[in-house]
Structure formats: structure tokens, C-alpha cells
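Read through the structure below, which is laid out as C-alpha cells, and then see the notes.
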Amino acid sequence: MQSVNTVLEASEISKSFPSKSGRGLLQILEHVNLKVNRSEITAIIGSSGSGKSTLLHILGGLDHPDSGDVFWENTSIYSWKPDKLAEERNRQVGFVFQFHHLLPEFNALENVFIPGLIGGYSMGEAETRAMGLLDRLGIADRSNHRPSQLSGGEQQRVSIARALMNNPSIILADEPTGNLDERNTDIILDQLVELRETEQVAMVLITHEKNIAARCDTIYELRQGSLHLYEKTH
Ligand SMILES: Nc1ncnc2c1ncn2[C@@H]1O[C@H](COP(=O)(O)OP(=O)(O)OP(=O)(O)O)[C@@H](O)[C@H]1O
Ligand SMILES: [Mg+2]
């Protein structure tokens, strides 16, 4: 059943890759189902190579499954042509990766507002919103620094601000704190938890760290191609 409260749904997602030996296929995902509600934070844990990044790419429309469907706000993303998918992705989904992927030749403010310009904001509106987001993430004073002039934690906060620029309904984050020390991990996590309230944004958070997962609403473990509900009492 689809509902107005569901921002992202994956239905029966399967994906395989050619095995490293070149013979046969490696089944990575098998009939994966997932529903994420508005403002809900879902963590996905699982061992290295279990398929977490593959699943996240499929949820974000960056990769195509062998079978199954993905819905954003109850619309199948495969009903769209590639241009429309790219436009909807820019508007509805924010990505945060372990390595921030900021544009090195632009400063923090520009990195945040560029997706806004693509998303249809005027220059003035984009700059104002980007500055507000940097402020909310506590790094307004770093707005004209380039990525190379920022610490790892600051770079990651810029990439979170960038992900929020177009007011997405969901943020997909792949090991967002994987590259940070404990203090910066705590700061980023506190900010993500706060943002889901203030920005009404849902999140799917891939993490190796169980203490991070414990702060999320729902935890799944990806194991042998399937998502298993993971009890917080583990
Ligand atoms: N494009 C590809 N071609 C072939 N095999 C791939 C491709 N992408 C991923 N794989 C394989 O699929 C499996 C799952 O990879 P994936 O990156 O999704 O794992 P992961 O759970 O994110 O691991 P990690 O925790 O190390 O990031 C791995 O065995 C990987 O080698
Ligand atoms: Mg990965």
C-alpha cells in the first residue's frame, strides 16, 4: 500500500554483477523491499561488500536494478525519461557521500547554491538559502573558503548543506561520517537528527558504526542480498 507519508519505496529490487572470475553472476540484492516515511531516519548496516552502496545508488536512481521498482513520493522513477529523472533527482533527493565530492574550484557558498541554480532558484534566492543552510550547520564563517581550506568535518557539513539546498524529501547518505573523527561524527550526527525535524527530511544512512545506527528510527542489516530488521537491543 502506498501512502502520502511514504517518501521512498523500493519494491522487489534485485541486482547482480558479473563475478570477478568473469564466469557467472554475483547476486548482490535479492527482492529487496524498503519503505521510508517522511522525517524518518533509516540506517542500513552490513559487512563490507554486502551491497549497501549498490542499494543506495539504486534508491537514488544512479544505478538501475535488474528487476524491481523504486518510487519517490509514490511515482515510479522508471516511468521517467533520463532528463526528467535527473531533474526530479536534483529536486527530491540529496546525496551525501563519505568523500564529500565538493567542487574544488568553488567556495563553500557556491558549492551549496549551484544545485539551487540548476533547480530553478534565482541567484539572489539561491545565495540567501545557501547562506542560511551554512549558518544552520554552524559554518557560515567558512562560506568563502574552498574545500581544500576546510577541515574534513567542515567539508562534510558543506556537503550536507548542499544536499538540503533544493529542499529534498529525502537524503541518501553513504558512510557520511566514515572519514571523520569521533567529535566530528557526533556533530554531524546531531545535525542530521535535528535537520529531519527542522527540514522535514527523511534519510537513509549507511553506516558501519552501530552506535550511529542506534540513533536512527529503524535499522536494517543487509545480509545475503536481503534487508533484515535489526533490533536495537543487539
Ligand atoms: N560496477 C560493479 N561491477 C562489478 N561488481 C560490482 C560493481 N559494483 C559493486 N560490485 C560488487 O558488488 C558487491 C557489493 O558492493 P557494494 O559497493 O555495494 O558494497 P558495500 O556494502 O557498500 O561495501 P563497503 O561497506 O565496503 O562500502 C561487491 O562485491 C562489489 O565488488
Ligand atoms: Mg559502500
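Labeling convention for the C-alpha cells: chains A, B, ... as they appear, residues from 1 per chain, ligands from 1 in order of appearance.
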
Neighbourhood of ligand 1 at 9 Å, counting only C-alpha atoms and all ligand atoms, reported as an mmCIF file with N, CA and C atoms, in the first residue's frame:
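Output (out-v8.cif):
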```
data_model
loop_
_atom_site.group_PDB
_atom_site.id
_atom_site.type_symbol
_atom_site.label_atom_id
_atom_site.label_comp_id
_atom_site.auth_asym_id
_atom_site.auth_seq_id
_atom_site.Cartn_x
_atom_site.Cartn_y
_atom_site.Cartn_z
ATOM 1 N N SER A 16 22.514 -8.030 -9.837
ATOM 2 C CA SER A 16 23.693 -8.892 -9.857
ATOM 3 C C SER A 16 24.791 -8.216 -10.671
ATOM 4 N N PHE A 17 26.018 -8.607 -10.408
ATOM 5 C CA PHE A 17 27.163 -8.136 -11.191
ATOM 6 C C PHE A 17 27.913 -9.352 -11.713
ATOM 7 N N PRO A 18 28.642 -9.193 -12.815
ATOM 8 C CA PRO A 18 29.483 -10.305 -13.263
ATOM 9 C C PRO A 18 30.498 -10.629 -12.167
ATOM 10 N N SER A 19 30.719 -11.889 -11.892
ATOM 11 C CA SER A 19 31.664 -12.251 -10.827
ATOM 12 C C SER A 19 33.085 -11.901 -11.269
ATOM 13 N N LYS A 20 33.973 -11.775 -10.288
ATOM 14 C CA LYS A 20 35.332 -11.301 -10.596
ATOM 15 C C LYS A 20 36.069 -12.267 -11.524
ATOM 16 N N LEU A 26 27.268 -12.574 -9.759
ATOM 17 C CA LEU A 26 27.258 -12.459 -8.309
ATOM 18 C C LEU A 26 25.958 -11.752 -7.943
ATOM 19 N N GLN A 27 25.073 -12.479 -7.248
ATOM 20 C CA GLN A 27 23.783 -11.882 -6.881
ATOM 21 C C GLN A 27 23.995 -10.998 -5.652
ATOM 22 N N ILE A 28 23.824 -9.694 -5.799
ATOM 23 C CA ILE A 28 24.094 -8.768 -4.688
ATOM 24 C C ILE A 28 22.806 -8.450 -3.919
ATOM 25 N N LEU A 29 21.733 -8.157 -4.630
ATOM 26 C CA LEU A 29 20.461 -7.830 -3.981
ATOM 27 C C LEU A 29 19.392 -8.775 -4.508
ATOM 28 N N ILE A 45 22.973 -1.180 7.896
ATOM 29 C CA ILE A 45 24.294 -1.672 8.253
ATOM 30 C C ILE A 45 24.537 -2.964 7.468
ATOM 31 N N GLY A 46 25.758 -3.449 7.521
ATOM 32 C CA GLY A 46 26.068 -4.688 6.813
ATOM 33 C C GLY A 46 27.543 -4.753 6.532
ATOM 34 N N SER A 47 28.063 -5.951 6.360
ATOM 35 C CA SER A 47 29.506 -6.094 6.181
ATOM 36 C C SER A 47 29.945 -5.507 4.845
ATOM 37 N N SER A 48 31.245 -5.282 4.734
ATOM 38 C CA SER A 48 31.803 -4.728 3.506
ATOM 39 C C SER A 48 31.502 -5.673 2.340
ATOM 40 N N GLY A 49 31.002 -5.110 1.250
ATOM 41 C CA GLY A 49 30.695 -5.933 0.081
ATOM 42 C C GLY A 49 29.296 -6.527 0.099
ATOM 43 N N SER A 50 28.510 -6.209 1.144
ATOM 44 C CA SER A 50 27.165 -6.791 1.217
ATOM 45 C C SER A 50 26.186 -6.129 0.247
ATOM 46 N N GLY A 51 26.558 -4.975 -0.314
ATOM 47 C CA GLY A 51 25.698 -4.356 -1.327
ATOM 48 C C GLY A 51 25.026 -3.066 -0.894
ATOM 49 N N LYS A 52 25.506 -2.473 0.209
ATOM 50 C CA LYS A 52 24.872 -1.259 0.747
ATOM 51 C C LYS A 52 24.940 -0.092 -0.240
ATOM 52 N N SER A 53 26.128 0.151 -0.782
ATOM 53 C CA SER A 53 26.260 1.276 -1.726
ATOM 54 C C SER A 53 25.470 1.002 -2.999
ATOM 55 N N THR A 54 25.496 -0.245 -3.434
ATOM 56 C CA THR A 54 24.731 -0.617 -4.634
ATOM 57 C C THR A 54 23.254 -0.291 -4.423
ATOM 58 N N LEU A 55 22.731 -0.658 -3.243
ATOM 59 C CA LEU A 55 21.317 -0.383 -2.949
ATOM 60 C C LEU A 55 21.060 1.121 -2.914
ATOM 61 N N LEU A 56 21.951 1.866 -2.257
ATOM 62 C CA LEU A 56 21.745 3.319 -2.151
ATOM 63 C C LEU A 56 21.736 3.978 -3.532
ATOM 64 N N HIS A 57 22.644 3.523 -4.397
ATOM 65 C CA HIS A 57 22.673 4.085 -5.760
ATOM 66 C C HIS A 57 21.363 3.796 -6.487
ATOM 67 N N ASP A 174 25.874 7.849 2.265
ATOM 68 C CA ASP A 174 26.705 6.638 2.259
ATOM 69 C C ASP A 174 27.924 6.878 3.145
ATOM 70 N N GLU A 175 27.930 6.313 4.329
ATOM 71 C CA GLU A 175 29.032 6.477 5.287
ATOM 72 C C GLU A 175 29.402 7.955 5.465
ATOM 73 N N ILE A 206 23.744 4.940 5.478
ATOM 74 C CA ILE A 206 24.554 3.725 5.511
ATOM 75 C C ILE A 206 25.705 3.948 6.471
ATOM 76 N N THR A 207 25.896 3.005 7.364
ATOM 77 C CA THR A 207 26.969 3.188 8.342
ATOM 78 C C THR A 207 27.545 1.851 8.777
ATOM 79 N N HIS A 208 28.818 1.866 9.093
ATOM 80 C CA HIS A 208 29.454 0.689 9.678
ATOM 81 C C HIS A 208 29.287 0.696 11.190
ATOM 82 N N LEU A 222 21.793 -5.446 5.928
ATOM 83 C CA LEU A 222 21.793 -6.064 4.602
ATOM 84 C C LEU A 222 22.672 -7.316 4.685
#
```

According to DSSP computed on the backbone, where in segment 1-116 of chain A is there alpha helix (DSSP H)? Give the residues as number ranges by chain. A: 52-59, 82-92, 108-116

Option closest in space to Gln156 of chain A, from A:Leu62, A:Val96, A:Leu109, A:Ala213 [counting only C-alpha atoms]: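 Counting only C-alpha atoms, the residue closest to Gln156 of chain A is A:Val96.
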
Can you list, as an MDAnalysis selection string, every protein, DNA or RNA residue that comes within 10 Å of Val32 of chain A when you count only C-alpha atoms, leaving out same-chain residues fewer than 3 positions away? chainID A and resid 10:15 29 55 68:69 222 225:228

File dump, residues just selected, C-alpha atoms, as a PDB file, in the first residue's frame:
```pdb
ATOM      1  CA  ALA A  10      11.782   0.126  -3.136  1.00  0.00           C
ATOM      2  CA  SER A  11       9.898  -2.900  -4.345  1.00  0.00           C
ATOM      3  CA  GLU A  12      11.439  -6.278  -5.113  1.00  0.00           C
ATOM      4  CA  ILE A  13      14.845  -4.890  -6.094  1.00  0.00           C
ATOM      5  CA  SER A  14      17.303  -7.449  -7.471  1.00  0.00           C
ATOM      6  CA  LYS A  15      20.784  -6.746  -8.764  1.00  0.00           C
ATOM      7  CA  LEU A  29      20.461  -7.830  -3.981  1.00  0.00           C
ATOM      8  CA  LEU A  55      21.317  -0.383  -2.949  1.00  0.00           C
ATOM      9  CA  GLY A  68      12.056  -4.233  -9.270  1.00  0.00           C
ATOM     10  CA  ASP A  69      10.887  -0.668  -8.934  1.00  0.00           C
ATOM     11  CA  LEU A 222      21.793  -6.064   4.602  1.00  0.00           C
ATOM     12  CA  GLY A 225      21.017  -9.897  -0.511  1.00  0.00           C
ATOM     13  CA  SER A 226      18.116  -9.069   1.820  1.00  0.00           C
ATOM     14  CA  LEU A 227      17.265  -6.423   4.395  1.00  0.00           C
ATOM     15  CA  HIS A 228      16.631  -7.768   7.888  1.00  0.00           C
TER      16      HIS A 228
END
```

Per DSSP on the backbone, filter segment 153-233 of chain A down to the residues in strand (DSSP E) and report them as a PDB file with C-alpha atoms, in the first residue's frame.
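Output file part-v8.pdb is given in full below:
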```pdb
ATOM      1  CA  ILE A 170      14.981  12.502   1.347  1.00  0.00           C
ATOM      2  CA  ILE A 171      18.732  12.465   1.942  1.00  0.00           C
ATOM      3  CA  LEU A 172      20.692   9.367   0.933  1.00  0.00           C
ATOM      4  CA  ALA A 173      23.968   9.231   2.828  1.00  0.00           C
ATOM      5  CA  ASP A 174      26.705   6.638   2.259  1.00  0.00           C
ATOM      6  CA  ALA A 202      13.770  11.665   5.621  1.00  0.00           C
ATOM      7  CA  MET A 203      17.145   9.925   5.482  1.00  0.00           C
ATOM      8  CA  VAL A 204      18.675   6.621   4.568  1.00  0.00           C
ATOM      9  CA  LEU A 205      22.012   6.392   6.309  1.00  0.00           C
ATOM     10  CA  ILE A 206      24.554   3.725   5.511  1.00  0.00           C
ATOM     11  CA  THR A 218      14.770   1.987  12.038  1.00  0.00           C
ATOM     12  CA  ILE A 219      17.815  -0.198  11.451  1.00  0.00           C
ATOM     13  CA  TYR A 220      18.161  -2.836   8.767  1.00  0.00           C
ATOM     14  CA  GLU A 221      21.037  -5.178   8.206  1.00  0.00           C
ATOM     15  CA  LEU A 222      21.793  -6.064   4.602  1.00  0.00           C
ATOM     16  CA  ARG A 223      22.740  -9.726   4.647  1.00  0.00           C
ATOM     17  CA  SER A 226      18.116  -9.069   1.820  1.00  0.00           C
ATOM     18  CA  LEU A 227      17.265  -6.423   4.395  1.00  0.00           C
ATOM     19  CA  HIS A 228      16.631  -7.768   7.888  1.00  0.00           C
ATOM     20  CA  LEU A 229      15.144  -5.642  10.634  1.00  0.00           C
TER      21      LEU A 229
END
```

Residues within 7 Å of Val112 of chain A, please, as a list in words. Count only C-alpha atoms; anything in the same chain fewer than 2 positions from it doesn't count.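 Selected residues are Ala108, Leu109, Glu110, Ile114, Pro115, Ala130, Val158, Ala161, Arg162 and Met165 of chain A.
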
Restricting the calculation to only C-alpha atoms and all ligand atoms, which member of A:Asn90, A:Pro176, A:Ile77, A:Thr6 is positioned closest to ligand 2? A:Pro176

Give me the residues near Asn74 of chain A as a list in words, where near means some atom within 9 Å (using only C-alpha atoms) and where sequence neighbours in that chain fewer than 2 positions away do not count.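 Residues near the query, excluding close chain neighbours: Gln2, Ser3, Val4, Thr6, Val7, Leu8, Glu9, Val70, Phe71, Trp72 and Ser76 of chain A.
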
Write the residues of the preceding selection, restricted to N, CA and C atoms, as a compact mmCIF listing (two decimals), in the first residue's frame.
```
# COMPACT_ATOMS: atom_id res chain seq x y z
N GLN A 2 0.69 2.13 -0.96
CA GLN A 2 1.43 3.38 -0.94
C GLN A 2 0.65 4.39 -0.10
N SER A 3 1.38 5.31 0.52
CA SER A 3 0.67 6.29 1.35
C SER A 3 1.30 7.65 1.18
N VAL A 4 0.56 8.69 1.58
CA VAL A 4 1.08 10.06 1.45
C VAL A 4 2.28 10.27 2.34
N THR A 6 4.72 8.08 2.73
CA THR A 6 5.91 7.37 2.23
C THR A 6 6.65 8.27 1.23
N VAL A 7 7.91 8.56 1.51
CA VAL A 7 8.66 9.40 0.57
C VAL A 7 9.48 8.56 -0.40
N LEU A 8 9.87 7.36 0.06
CA LEU A 8 10.66 6.49 -0.83
C LEU A 8 10.23 5.05 -0.61
N GLU A 9 10.08 4.35 -1.71
CA GLU A 9 9.76 2.93 -1.59
C GLU A 9 10.55 2.15 -2.64
N VAL A 70 11.46 1.50 -8.01
CA VAL A 70 11.73 2.49 -6.97
C VAL A 70 10.73 3.62 -7.14
N PHE A 71 10.14 4.03 -6.03
CA PHE A 71 9.15 5.11 -6.06
C PHE A 71 9.64 6.27 -5.20
N TRP A 72 9.58 7.47 -5.74
CA TRP A 72 9.79 8.67 -4.93
C TRP A 72 8.44 9.35 -4.84
N SER A 76 6.84 6.01 -9.79
CA SER A 76 7.94 5.15 -10.22
C SER A 76 8.98 5.98 -10.96
```

Residue nearest ligand 2 among A:Glu154, A:Leu103, A:Gly178, A:Asp63 (counting only C-alpha atoms and all ligand atoms): A:Gly178

What's the separation between atom CA of Glu197 of chain A and atom CA of Arg136 of chain A, in Å to one decimal place? 12.9 Å

Pairwise distance, atom CA of Gly138 of chain A with atom CA of Ser151 of chain A, equals 13.3 Å

Which residues are close to Glu182 of chain A, i.e. within 12 Å by only C-alpha atoms, leaving aside same-chain residues fewer than 4 positions away? Reply as JSON, numbers by chain. {"A": [153, 177, 178, 186, 187, 188, 189, 209, 211, 212]}

A:Ala126, A:Ala163, A:Leu59, A:Ala214 ranked by distance to Val36 of chain A, top pick (using only C-alpha atoms): A:Leu59

Have a look at atom CA of Leu180 of chain A and atom CA of Val201 of chain A and let me know their distance in Å, one decimal. 23.0 Å

With only C-alpha atoms and all ligand atoms as the basis for distance, which of A:Asp83, A:Asn184, A:Phe97, A:Glu194 is at the shortest distance from ligand 2?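 Between A:Asp83, A:Asn184, A:Phe97, A:Glu194, the residue approaching ligand 2 most closely is A:Phe97.
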
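Closest to ligand 2 among A:Gln98, A:Arg215, A:Glu125, A:Arg196 is A:Gln98, based on only C-alpha atoms and all ligand atoms.
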